file data.cif (mmCIF, C-alpha atoms)
data_protein
#
loop_
_atom_site.label_atom_id
_atom_site.label_comp_id
_atom_site.auth_asym_id
_atom_site.auth_seq_id
_atom_site.Cartn_x
_atom_site.Cartn_y
_atom_site.Cartn_z
CA MET E 42 16.17 -1.50 4.07
CA GLU E 43 16.25 -3.50 0.85
CA CYS E 44 14.52 -1.99 -2.14
CA ILE E 45 12.01 -4.18 -3.94
CA LEU E 46 12.77 -3.64 -7.61
CA GLN E 47 11.91 -4.76 -11.10
CA GLY E 48 10.86 -8.36 -11.51
CA THR E 49 9.73 -8.64 -7.91
CA ASP E 50 6.89 -10.97 -7.15
CA TYR E 51 3.98 -9.11 -5.59
CA GLU E 52 3.95 -11.64 -2.75
CA GLU E 53 7.04 -9.84 -1.39
CA ILE E 54 5.08 -6.59 -1.30
CA GLU E 55 2.17 -8.34 0.42
CA ASP E 56 4.65 -9.74 2.96
CA ALA E 57 6.04 -6.24 3.58
CA ALA E 58 2.50 -4.92 4.16
CA ASN E 59 1.58 -7.83 6.42
CA ASN E 60 4.84 -7.46 8.37
CA LEU E 61 4.11 -3.76 8.90
CA ILE E 62 0.66 -4.59 10.27
CA GLU E 63 2.09 -7.31 12.51
CA ASP E 64 5.15 -5.32 13.67
CA LEU E 65 2.94 -2.41 14.74
CA GLY E 66 0.50 -4.77 16.47
CA LEU E 67 -2.42 -3.60 14.33
CA GLU E 68 -5.30 -6.02 13.94
CA GLN E 69 -8.23 -3.86 12.98
CA SER E 70 -9.88 -4.31 9.61
CA GLN E 71 -9.49 -0.66 8.62
CA LEU E 72 -6.05 0.72 9.25
CA ASN E 73 -5.57 4.42 9.91
CA CYS E 74 -2.71 5.80 7.81
CA PHE E 75 -2.20 8.73 10.18
CA GLU E 76 -1.82 6.33 13.13
CA VAL E 77 0.69 4.25 11.18
CA VAL E 78 2.68 7.38 10.26
CA PHE E 79 2.78 8.31 13.95
CA LEU E 80 3.77 4.78 15.06
CA LEU E 81 6.58 4.70 12.49
CA GLY E 82 7.88 8.10 13.62
CA ILE E 83 7.35 9.65 10.19
CA GLY E 84 6.74 13.40 9.98
CA ILE E 85 3.70 14.50 8.03
CA LYS E 86 2.82 17.88 6.54
CA LYS E 87 -0.05 19.23 4.48
CA TYR E 88 0.72 21.02 1.23
CA SER E 89 -1.51 23.90 2.40
CA GLU E 90 0.73 24.54 5.43
CA LEU E 91 3.79 25.19 3.27
CA PRO E 92 5.00 28.44 1.70
CA ALA E 93 3.75 28.93 -1.87
CA ALA E 94 7.14 28.19 -3.46
CA ASP E 95 7.43 24.88 -1.60
CA ARG E 96 3.86 23.97 -2.52
CA ILE E 97 4.55 24.67 -6.20
CA PHE E 98 7.71 22.54 -6.05
CA LEU E 99 5.89 19.61 -4.42
CA MET E 100 2.99 19.87 -6.87
CA SER E 101 5.56 19.62 -9.68
CA LYS E 102 6.75 16.34 -8.15
CA SER E 103 3.29 14.95 -7.39
CA ARG E 104 -0.17 16.41 -7.11
CA ASP E 105 -0.99 13.74 -4.50
CA GLY E 106 1.95 13.38 -2.13
CA PHE E 107 5.70 13.19 -1.81
CA SER E 108 8.12 11.80 0.76
CA ILE E 109 11.72 12.56 1.64
CA ARG E 110 14.28 11.46 4.16
CA THR E 111 15.88 14.17 6.23
CA GLU E 112 18.83 13.65 8.55
CA ARG E 113 16.44 12.94 11.43
CA GLN E 114 13.39 11.26 9.93
CA TYR E 115 11.20 10.54 6.93
CA VAL E 116 8.63 13.20 6.09
CA ILE E 117 5.47 12.75 4.04
CA TYR E 118 3.92 15.77 2.35
CA TYR E 119 0.37 15.38 1.08
CA ASN E 120 -2.14 17.44 -0.87
CA ASP E 121 -4.90 18.13 1.64
CA SER E 122 -7.16 19.67 -1.03
CA LEU E 123 -7.94 16.20 -2.40
CA ASP E 124 -10.90 14.11 -1.25
CA LYS E 125 -10.37 12.03 1.91
CA ASP E 126 -10.07 8.70 0.08
CA ARG E 127 -7.40 10.07 -2.25
CA ILE E 128 -5.53 11.53 0.73
CA ARG E 129 -5.59 8.13 2.49
CA PHE E 130 -4.32 6.41 -0.66
CA SER E 131 -1.58 9.03 -1.13
CA ILE E 132 -0.34 8.65 2.43
CA TRP E 133 -0.36 4.83 2.18
CA ASN E 134 1.50 5.17 -1.12
CA GLU E 135 4.20 7.27 0.55
CA ILE E 136 4.38 4.85 3.50
CA ALA E 137 4.92 2.13 0.88
CA HIS E 138 7.81 4.02 -0.72
CA ILE E 139 9.42 4.26 2.72
CA GLN E 140 8.72 0.66 3.77
CA LEU E 141 9.86 -0.79 0.44
CA GLY E 142 13.13 1.16 0.53
CA HIS E 143 12.37 3.26 -2.52
CA LEU E 144 13.79 6.47 -1.06
CA GLU E 145 17.19 4.80 -0.71
CA SER E 146 17.08 3.39 -4.22
CA ASP E 147 19.47 4.72 -6.82
CA CYS E 148 17.73 2.78 -9.56
CA GLN E 149 17.65 4.91 -12.69
CA GLY E 150 14.81 4.26 -15.10
CA CYS E 151 12.64 2.22 -12.77
CA ARG E 152 10.47 5.01 -11.36
CA GLU E 153 7.36 3.53 -13.00
CA ARG E 154 7.98 0.12 -11.42
CA LEU E 155 8.62 1.68 -7.99
CA GLU E 156 5.36 3.60 -8.30
CA ASP E 157 3.51 0.42 -9.37
CA ASP E 158 4.92 -1.39 -6.31
CA ALA E 159 3.89 1.46 -3.99
CA ASN E 160 0.40 1.57 -5.54
CA TYR E 161 0.05 -2.19 -5.09
CA PHE E 162 1.13 -1.91 -1.43
CA ALA E 163 -1.32 0.96 -0.82
CA ASN E 164 -4.23 -0.85 -2.50
CA TYR E 165 -3.39 -4.05 -0.63
CA ILE E 166 -3.21 -2.45 2.77
CA MET E 167 -6.22 -0.14 2.26
CA THR E 168 -8.47 -3.03 1.37
CA CYS E 169 -6.87 -5.14 4.06
CA HIS E 170 -6.36 -7.99 1.63
CA ASN E 171 -5.15 -10.28 4.38
CA PHE E 172 -8.38 -9.65 6.29
CA SER E 173 -10.77 -9.51 3.34
CA TYR E 174 -10.28 -13.04 2.10
CA LYS E 175 -10.21 -14.41 5.65
CA THR E 176 -13.51 -12.72 6.49
CA SER E 177 -15.31 -13.47 3.20
CA PHE E 178 -15.85 -9.96 1.85
CA PHE E 179 -16.10 -11.52 -1.60
CA SER E 180 -18.14 -9.09 -3.57
CA ASN E 181 -17.18 -5.88 -5.25
CA PHE E 182 -19.96 -4.04 -3.42
CA ASN E 183 -19.07 -5.40 0.03
CA THR E 184 -15.39 -4.56 -0.49
CA PHE E 185 -16.31 -1.12 -1.90
CA SER E 186 -18.58 -0.19 1.01
CA THR E 187 -16.56 -1.87 3.80
CA TYR E 188 -13.22 -0.29 2.93
CA ALA E 189 -14.41 3.08 1.53
CA ILE E 190 -12.48 2.73 -1.72
CA ASN E 191 -13.63 3.36 -5.27
CA PHE E 192 -15.50 0.62 -7.10
CA TYR E 193 -12.67 -0.09 -9.56
CA ALA E 194 -10.20 -0.62 -6.69
CA ALA E 195 -12.75 -2.93 -5.03
CA TYR E 196 -13.11 -4.90 -8.27
CA LYS E 197 -9.33 -5.26 -8.56
CA GLN E 198 -9.03 -6.32 -4.92
CA VAL E 199 -11.76 -8.96 -5.12
CA ASN E 200 -10.09 -10.41 -8.23
CA GLN E 201 -6.74 -10.35 -6.43
CA CYS E 202 -8.28 -12.19 -3.46
CA TYR E 203 -9.64 -14.88 -5.73
CA SER E 204 -6.26 -15.20 -7.48
CA THR E 205 -4.47 -15.57 -4.15
CA ILE E 206 -6.90 -18.20 -2.94
CA ILE E 207 -6.64 -20.14 -6.21
CA ARG E 208 -2.82 -19.87 -6.14
CA ASN E 209 -2.73 -21.05 -2.53
CA SER E 210 -5.17 -23.91 -3.13
CA ILE E 211 -3.17 -25.11 -6.16
CA LEU E 212 0.00 -24.96 -4.07
CA TYR E 213 -1.75 -26.79 -1.23
CA GLU E 214 -2.94 -29.51 -3.62
CA LYS E 215 0.60 -29.94 -5.00
CA ILE E 216 2.02 -30.25 -1.49
CA ALA E 217 -0.72 -32.72 -0.52
CA ARG E 218 -0.02 -34.85 -3.62
CA LEU E 219 3.72 -34.83 -2.87
CA GLY E 220 3.03 -35.89 0.72
CA THR E 221 0.86 -38.82 -0.37
CA GLY E 222 3.07 -39.84 -3.26
CA VAL E 223 0.24 -39.16 -5.74
CA SER E 224 1.30 -36.94 -8.65
#
call {"tool": "encode", "arguments": {"input": "data.cif", "output": "structure tokens"}}
result
Amino acid sequence: MECILQGTDYEEIEDAANNLIEDLGLEQSQLNCFEVVFLLGIGIKKYSELPAADRIFLMSKSRDGFSIRTERQYVIYYNDSLDKDRIRFSIWNEIAHIQLGHLESDCQGCRERLEDDANYFANYIMTCHNFSYKTSFFSNFNTFSTYAINFYAAYKQVNQCYSTIIRNSILYEKIARLGTGVS
């Protein structure tokens, strides 16, 4: 799996998220992270189910979640004491690290960028960006209430939808002008 690193266009991350949805045959507007973990064959464990020393170690890595690759499979550990929306985001974030090849990356000094990429993937897939602009959920409130995310994430997603539509319409206009010979 190729790691998406510094300087990557976010369209590649969107493609990775869309490919995951398509490859797993998922078409619903709200995707269940636990179902996706199961379909991908990823192990999943709650922090609370671990011995105290392991829990302390994982909390030192991340208070939200952490993923590793064992000899047999990937495993996601998550903090089950968080609210349900934060748990969903944390699991999607760890799925993103796996899907984007971050666990195989030996990139030193790009942890922040890898985390930004995983956060983008998680936000994108949780708000079902590819569905939201196709089904006209174009208000912060509709996006907030439909996808059970916080209002700031809804605001960011609606703005991202508009940016994508504008980018695509500008591209479409350029292609149309090239096809007609009008510049």
call {"tool": "closest_residue", "arguments": {"input": "data.cif", "among": "E:Val116, E:Leu141, E:Phe75, E:Gly150", "to": "E:Asp56", "atoms": "all atoms listed in the file"}}
result
E:Leu141
call {"tool": "residues_around", "arguments": {"input": "data.cif", "residues": "E:Leu65", "least_positions_apart": "6", "cutoff": "9 Å", "atoms": "all atoms listed in the file", "output": "VMD selection string"}}
result
chain E and resid 77 80 to 81
call {"tool": "resolve_selection", "arguments": {"input": "data.cif", "expression": "the PyMOL selection byres ((chain E and resi 85-90) around 8)", "output": "short mmCIF file (atom, residue, chain, number, x, y, z; two decimals) with C-alpha atoms, keeping the file's coordinate frame"}}
result
data_model
loop_
_atom_site.label_atom_id
_atom_site.label_comp_id
_atom_site.auth_asym_id
_atom_site.auth_seq_id
_atom_site.Cartn_x
_atom_site.Cartn_y
_atom_site.Cartn_z
CA VAL E 78 2.68 7.38 10.26
CA ILE E 83 7.35 9.65 10.19
CA GLY E 84 6.74 13.40 9.98
CA LEU E 91 3.79 25.19 3.27
CA PRO E 92 5.00 28.44 1.70
CA ARG E 96 3.86 23.97 -2.52
CA LEU E 99 5.89 19.61 -4.42
CA VAL E 116 8.63 13.20 6.09
CA ILE E 117 5.47 12.75 4.04
CA TYR E 118 3.92 15.77 2.35
CA TYR E 119 0.37 15.38 1.08
CA ASN E 120 -2.14 17.44 -0.87
CA ASP E 121 -4.90 18.13 1.64
CA SER E 122 -7.16 19.67 -1.03
#
call {"tool": "residues_around", "arguments": {"input": "data.cif", "residues": "stretch 125-138 of chain E", "least_positions_apart": "6", "cutoff": "7 Å", "atoms": "all atoms listed in the file", "output": "PyMOL selection string"}}
result
chain E and resi 74+105-108+117+119+144+159-160+162-163+190
call {"tool": "atom_distance", "arguments": {"input": "data.cif", "atom1": "atom CA of E:Arg113", "atom2": "atom CA of E:Asn164"}}
result
28.5 Å
call {"tool": "atom_distance", "arguments": {"input": "data.cif", "atom1": "atom CA of E:Ile97", "atom2": "atom CA of E:Tyr161"}}
result
27.3 Å
call {"tool": "build_atoms", "arguments": {"input": "data.cif", "residues": "stretch 93-113 of chain E", "atoms": "N, CA, C and O atoms", "output": "PDB file, in the coordinates of the input"}}
result
ATOM      1  N   ALA E  93       4.189  29.110  -0.478  1.00  0.00           N
ATOM      2  CA  ALA E  93       3.750  28.930  -1.870  1.00  0.00           C
ATOM      3  C   ALA E  93       4.819  28.307  -2.750  1.00  0.00           C
ATOM      4  O   ALA E  93       4.525  27.409  -3.549  1.00  0.00           O
ATOM      5  N   ALA E  94       6.062  28.733  -2.617  1.00  0.00           N
ATOM      6  CA  ALA E  94       7.140  28.190  -3.460  1.00  0.00           C
ATOM      7  C   ALA E  94       7.347  26.700  -3.195  1.00  0.00           C
ATOM      8  O   ALA E  94       7.538  25.921  -4.138  1.00  0.00           O
ATOM      9  N   ASP E  95       7.284  26.303  -1.936  1.00  0.00           N
ATOM     10  CA  ASP E  95       7.430  24.880  -1.600  1.00  0.00           C
ATOM     11  C   ASP E  95       6.256  24.072  -2.131  1.00  0.00           C
ATOM     12  O   ASP E  95       6.417  22.955  -2.621  1.00  0.00           O
ATOM     13  N   ARG E  96       5.059  24.654  -2.031  1.00  0.00           N
ATOM     14  CA  ARG E  96       3.860  23.970  -2.520  1.00  0.00           C
ATOM     15  C   ARG E  96       3.951  23.759  -4.035  1.00  0.00           C
ATOM     16  O   ARG E  96       3.649  22.684  -4.536  1.00  0.00           O
ATOM     17  N   ILE E  97       4.403  24.772  -4.746  1.00  0.00           N
ATOM     18  CA  ILE E  97       4.550  24.670  -6.200  1.00  0.00           C
ATOM     19  C   ILE E  97       5.583  23.596  -6.550  1.00  0.00           C
ATOM     20  O   ILE E  97       5.373  22.778  -7.453  1.00  0.00           O
ATOM     21  N   PHE E  98       6.691  23.568  -5.812  1.00  0.00           N
ATOM     22  CA  PHE E  98       7.710  22.540  -6.050  1.00  0.00           C
ATOM     23  C   PHE E  98       7.142  21.142  -5.824  1.00  0.00           C
ATOM     24  O   PHE E  98       7.319  20.254  -6.658  1.00  0.00           O
ATOM     25  N   LEU E  99       6.445  20.935  -4.709  1.00  0.00           N
ATOM     26  CA  LEU E  99       5.890  19.610  -4.420  1.00  0.00           C
ATOM     27  C   LEU E  99       4.828  19.219  -5.434  1.00  0.00           C
ATOM     28  O   LEU E  99       4.759  18.057  -5.851  1.00  0.00           O
ATOM     29  N   MET E 100       4.002  20.176  -5.858  1.00  0.00           N
ATOM     30  CA  MET E 100       2.990  19.870  -6.870  1.00  0.00           C
ATOM     31  C   MET E 100       3.653  19.478  -8.188  1.00  0.00           C
ATOM     32  O   MET E 100       3.107  18.669  -8.937  1.00  0.00           O
ATOM     33  N   SER E 101       4.855  20.011  -8.459  1.00  0.00           N
ATOM     34  CA  SER E 101       5.560  19.620  -9.680  1.00  0.00           C
ATOM     35  C   SER E 101       6.076  18.190  -9.582  1.00  0.00           C
ATOM     36  O   SER E 101       6.250  17.507 -10.584  1.00  0.00           O
ATOM     37  N   LYS E 102       6.317  17.721  -8.366  1.00  0.00           N
ATOM     38  CA  LYS E 102       6.750  16.340  -8.150  1.00  0.00           C
ATOM     39  C   LYS E 102       5.560  15.383  -8.162  1.00  0.00           C
ATOM     40  O   LYS E 102       5.620  14.310  -8.745  1.00  0.00           O
ATOM     41  N   SER E 103       4.494  15.769  -7.445  1.00  0.00           N
ATOM     42  CA  SER E 103       3.290  14.950  -7.390  1.00  0.00           C
ATOM     43  C   SER E 103       2.130  15.787  -6.896  1.00  0.00           C
ATOM     44  O   SER E 103       2.259  16.481  -5.891  1.00  0.00           O
ATOM     45  N   ARG E 104       1.007  15.683  -7.573  1.00  0.00           N
ATOM     46  CA  ARG E 104      -0.170  16.410  -7.110  1.00  0.00           C
ATOM     47  C   ARG E 104      -0.807  15.732  -5.904  1.00  0.00           C
ATOM     48  O   ARG E 104      -1.622  16.312  -5.222  1.00  0.00           O
ATOM     49  N   ASP E 105      -0.401  14.494  -5.602  1.00  0.00           N
ATOM     50  CA  ASP E 105      -0.990  13.740  -4.500  1.00  0.00           C
ATOM     51  C   ASP E 105      -0.161  13.796  -3.216  1.00  0.00           C
ATOM     52  O   ASP E 105      -0.667  14.099  -2.148  1.00  0.00           O
ATOM     53  N   GLY E 106       1.102  13.427  -3.308  1.00  0.00           N
ATOM     54  CA  GLY E 106       1.950  13.380  -2.130  1.00  0.00           C
ATOM     55  C   GLY E 106       3.392  13.111  -2.508  1.00  0.00           C
ATOM     56  O   GLY E 106       3.687  12.720  -3.651  1.00  0.00           O
ATOM     57  N   PHE E 107       4.266  13.313  -1.561  1.00  0.00           N
ATOM     58  CA  PHE E 107       5.700  13.190  -1.810  1.00  0.00           C
ATOM     59  C   PHE E 107       6.375  12.898  -0.483  1.00  0.00           C
ATOM     60  O   PHE E 107       5.958  13.405   0.553  1.00  0.00           O
ATOM     61  N   SER E 108       7.408  12.072  -0.487  1.00  0.00           N
ATOM     62  CA  SER E 108       8.120  11.800   0.760  1.00  0.00           C
ATOM     63  C   SER E 108       9.620  11.979   0.571  1.00  0.00           C
ATOM     64  O   SER E 108      10.144  11.785  -0.527  1.00  0.00           O
ATOM     65  N   ILE E 109      10.274  12.368   1.651  1.00  0.00           N
ATOM     66  CA  ILE E 109      11.720  12.560   1.640  1.00  0.00           C
ATOM     67  C   ILE E 109      12.293  11.988   2.940  1.00  0.00           C
ATOM     68  O   ILE E 109      11.562  11.724   3.887  1.00  0.00           O
ATOM     69  N   ARG E 110      13.595  11.836   2.928  1.00  0.00           N
ATOM     70  CA  ARG E 110      14.280  11.460   4.160  1.00  0.00           C
ATOM     71  C   ARG E 110      15.203  12.600   4.540  1.00  0.00           C
ATOM     72  O   ARG E 110      16.066  12.998   3.762  1.00  0.00           O
ATOM     73  N   THR E 111      14.995  13.137   5.728  1.00  0.00           N
ATOM     74  CA  THR E 111      15.880  14.170   6.230  1.00  0.00           C
ATOM     75  C   THR E 111      16.945  13.473   7.087  1.00  0.00           C
ATOM     76  O   THR E 111      16.934  12.245   7.207  1.00  0.00           O
ATOM     77  N   GLU E 112      17.817  14.241   7.682  1.00  0.00           N
ATOM     78  CA  GLU E 112      18.830  13.650   8.550  1.00  0.00           C
ATOM     79  C   GLU E 112      18.206  12.952   9.757  1.00  0.00           C
ATOM     80  O   GLU E 112      18.741  11.979  10.274  1.00  0.00           O
ATOM     81  N   ARG E 113      17.063  13.461  10.212  1.00  0.00           N
ATOM     82  CA  ARG E 113      16.440  12.940  11.430  1.00  0.00           C
ATOM     83  C   ARG E 113      15.321  11.939  11.188  1.00  0.00           C
ATOM     84  O   ARG E 113      15.105  11.040  11.992  1.00  0.00           O
TER      85      ARG E 113
END
